[in-house]
Each structure stands twice: as C-alpha cells, then as structure tokens.
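Participant: File final_38.pdb follows (PDB, C-alpha atoms, pLDDT in the B column):
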MODEL        1
ATOM      1  CA  MET A  99     163.609  -1.838  22.818  1.00 63.00           C
ATOM      2  CA  ALA A 100     163.193   1.481  24.621  1.00 73.00           C
ATOM      3  CA  ALA A 101     162.577   1.496  28.344  1.00 79.00           C
ATOM      4  CA  GLU A 102     159.133   2.469  29.560  1.00 95.00           C
ATOM      5  CA  TRP A 103     158.829   5.470  31.869  1.00 96.00           C
ATOM      6  CA  THR A 104     157.398   4.456  35.258  1.00 97.00           C
ATOM      7  CA  LYS A 105     155.929   6.735  37.923  1.00 96.00           C
ATOM      8  CA  ILE A 106     157.826   6.255  41.160  1.00 95.00           C
ATOM      9  CA  ALA A 107     156.479   9.073  43.318  1.00 94.00           C
ATOM     10  CA  SER A 108     154.033  11.969  43.595  1.00 91.00           C
ATOM     11  CA  PHE A 109     154.705  15.175  45.472  1.00 88.00           C
ATOM     12  CA  GLY A 110     152.480  17.960  46.714  1.00 85.00           C
ATOM     13  CA  SER A 111     154.848  20.814  45.908  1.00 82.00           C
ATOM     14  CA  GLY A 112     157.274  21.928  43.237  1.00 80.00           C
ATOM     15  CA  LEU A 113     160.078  22.098  45.787  1.00 83.00           C
ATOM     16  CA  GLU A 114     159.692  18.442  46.790  1.00 87.00           C
ATOM     17  CA  ALA A 115     159.638  17.350  43.144  1.00 88.00           C
ATOM     18  CA  ASP A 116     162.728  19.438  42.361  1.00 88.00           C
ATOM     19  CA  VAL A 117     164.639  17.925  45.302  1.00 92.00           C
ATOM     20  CA  ALA A 118     163.731  14.419  44.088  1.00 95.00           C
ATOM     21  CA  ARG A 119     164.771  15.295  40.532  1.00 94.00           C
ATOM     22  CA  ALA A 120     168.130  16.654  41.723  1.00 95.00           C
ATOM     23  CA  ARG A 121     168.829  13.562  43.812  1.00 96.00           C
ATOM     24  CA  LEU A 122     168.056  11.242  40.884  1.00 97.00           C
ATOM     25  CA  GLU A 123     170.078  13.309  38.402  1.00 97.00           C
ATOM     26  CA  GLN A 124     173.022  13.299  40.815  1.00 97.00           C
ATOM     27  CA  ALA A 125     172.839   9.477  40.768  1.00 97.00           C
ATOM     28  CA  GLU A 126     172.775   9.657  36.931  1.00 97.00           C
ATOM     29  CA  ILE A 127     169.227   8.318  36.711  1.00 97.00           C
ATOM     30  CA  PRO A 128     167.169   9.899  33.905  1.00 97.00           C
ATOM     31  CA  VAL A 129     164.079  11.597  35.300  1.00 96.00           C
ATOM     32  CA  GLN A 130     160.919  13.285  34.064  1.00 94.00           C
ATOM     33  CA  VAL A 131     158.758  15.509  36.254  1.00 90.00           C
ATOM     34  CA  ARG A 132     155.151  15.819  35.115  1.00 87.00           C
ATOM     35  CA  GLY A 133     152.245  17.781  36.471  1.00 80.00           C
ATOM     36  CA  GLU A 134     150.213  20.923  36.155  1.00 65.00           C
ATOM     37  CA  HIS A 135     152.563  22.945  38.304  1.00 52.00           C
ATOM     38  CA  THR A 136     153.299  26.002  36.203  1.00 53.00           C
ATOM     39  CA  GLY A 137     150.027  27.898  36.544  1.00 51.00           C
ATOM     40  CA  ILE A 138     150.204  31.682  36.567  1.00 51.00           C
ATOM     41  CA  PHE A 139     153.529  31.678  38.420  1.00 54.00           C
ATOM     42  CA  GLY A 140     155.574  29.920  35.729  1.00 53.00           C
ATOM     43  CA  PRO A 141     157.795  26.827  35.881  1.00 52.00           C
ATOM     44  CA  SER A 142     159.821  28.069  38.865  1.00 51.00           C
ATOM     45  CA  PHE A 143     156.806  27.938  41.224  1.00 53.00           C
ATOM     46  CA  GLN A 144     157.757  25.938  44.328  1.00 55.00           C
ATOM     47  CA  GLY A 145     154.515  25.990  46.330  1.00 58.00           C
ATOM     48  CA  SER A 146     151.749  23.465  46.884  1.00 63.00           C
ATOM     49  CA  VAL A 147     150.070  21.926  43.860  1.00 64.00           C
ATOM     50  CA  PRO A 148     146.595  20.440  44.446  1.00 64.00           C
ATOM     51  CA  SER A 149     146.864  17.976  41.556  1.00 71.00           C
ATOM     52  CA  GLY A 150     150.352  16.806  42.584  1.00 80.00           C
ATOM     53  CA  ILE A 151     153.570  16.462  40.641  1.00 87.00           C
ATOM     54  CA  ASP A 152     154.668  13.016  39.449  1.00 92.00           C
ATOM     55  CA  VAL A 153     158.237  11.788  39.042  1.00 95.00           C
ATOM     56  CA  TYR A 154     159.030   9.164  36.382  1.00 96.00           C
ATOM     57  CA  VAL A 155     162.163   7.133  35.648  1.00 97.00           C
ATOM     58  CA  PRO A 156     162.945   4.466  33.026  1.00 97.00           C
ATOM     59  CA  SER A 157     161.728   1.032  34.111  1.00 96.00           C
ATOM     60  CA  PRO A 158     165.243  -0.461  34.569  1.00 96.00           C
ATOM     61  CA  ASP A 159     166.013   2.262  37.156  1.00 97.00           C
ATOM     62  CA  VAL A 160     162.808   1.967  39.233  1.00 96.00           C
ATOM     63  CA  ASP A 161     164.198  -0.020  42.173  1.00 95.00           C
ATOM     64  CA  ARG A 162     167.344   2.092  42.498  1.00 96.00           C
ATOM     65  CA  ALA A 163     165.371   5.348  42.215  1.00 96.00           C
ATOM     66  CA  ARG A 164     162.845   4.265  44.855  1.00 95.00           C
ATOM     67  CA  GLU A 165     165.688   3.299  47.156  1.00 95.00           C
ATOM     68  CA  LEU A 166     167.369   6.705  46.669  1.00 94.00           C
ATOM     69  CA  LEU A 167     164.127   8.555  47.378  1.00 94.00           C
ATOM     70  CA  ARG A 168     163.015   6.052  50.031  1.00 89.00           C
ATOM     71  CA  VAL A 169     159.587   5.615  48.479  1.00 74.00           C
ATOM     72  CA  LYS A 170     157.414   2.515  48.278  1.00 66.00           C
ATOM     73  CA  ASP A 171     155.549   1.233  45.239  1.00 60.00           C
ATOM     74  CA  SER A 172     153.110   3.875  44.025  1.00 52.00           C
TER
ENDMDL
END
Can you present the structure in this file as structure tokens?
Facilitator:
Amino acid sequence: MAAEWTKIASFGSGLEADVARARLEQAEIPVQVRGEHTGIFGPSFQGSVPSGIDVYVPSPDVDRARELLRVKDS
C-alpha cells in the first residue's frame, strides 16, 4: 500500500519552503511543496505568499520530518 502524503508545515514565503525542502531532502525524506507561489514571477520567486506554501511528506516520515524542521502538529 502506498504511503499517504501528509502536510507537516506551512510557510509564508518561497524561501522558507525551499529551506525546509532542502533540509528534508538532505535527510533523504521525500518531500512535496504545494502552493500558489509561482504567480507572475515564476517558480523561483522567494518572497511572501499570502496563501502560504505547504510542505508534505509520506506518512511514515511525518515524525522524523517534524523533528528535523522543529514543527508541531499542523
């Protein structure tokens, strides 16, 4: 059975989400970053995003990912 993707954090800027993604990838945890953050500036935009950017990991990695990012249950 495939693992379910679970949201572990939300960030207010592209930069924060990219730092979280890099930290998780470095720990070999699969990660998906979702949000309406491209806008007119394209996918490399690092500024504030009013709707937020969510970070997801597979359910078996939730506790480890939250510990790495030091986030509480969302």
Participant: Which residues come within 8 Å of stretch 113-119 of chain A, counting all atoms listed in the file, excluding same-chain residues fewer than 5 positions away, as a PyMOL selection string?
Facilitator: chain A and resi 108+129-131+144-145+151-153+167
Participant: For A:Asp159, which residue out of A:Phe109, A:Ile127, A:Gly133, A:Arg121 is the nearest one, using only C-alpha atoms?
Facilitator: A:Ile127
Participant: Hey, which of A:Leu122, A:Ala100, A:Ser111, A:Arg168 ends up closest to A:Val155? Count only C-alpha atoms.
Facilitator: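 Between A:Leu122, A:Ala100, A:Ser111, A:Arg168, the residue approaching A:Val155 most closely is A:Leu122.
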Participant: Select, from A:Glu126, A:Gly112, A:Arg132, A:Ala120, the residue with the minimum atom-to-atom distance to A:Tyr154, counting only C-alpha atoms.
Facilitator: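 Between A:Glu126, A:Gly112, A:Arg132, A:Ala120, the residue approaching A:Tyr154 most closely is A:Arg132.
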Participant: Just need the box for stretch 159-170 of chain A, edges along x, y and z, holding every atom the file lists for it with 5 Å tacked onto each side, so centre and edge lengths in Å to one decimal, as lines of an AutoDock Vina configuration file.
Facilitator:
center_x = 162.4
center_y = 4.3
center_z = 43.6
size_x = 20.0
size_y = 18.6
size_z = 22.9
Participant: Kindly give the distance, in Å, that separates atom CA of A:Gly150 and atom CA of A:Ala125, rounded to a single decimal.
Facilitator: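 Straight-line distance from atom CA of A:Gly150 to atom CA of A:Ala125 works out to 23.7 Å.
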Participant: Report the distance between atom CA of A:Gly110 and atom CA of A:Pro158 in Å, rounded to one decimal place.
Facilitator: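 If I compute the distance from atom CA of A:Gly110 to atom CA of A:Pro158, I get 25.5 Å.
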Participant: Mind giving me the straight-line distance from atom CA of A:Glu165 to atom CA of A:Ser149 in Å, one decimal?
Facilitator: 24.5 Å
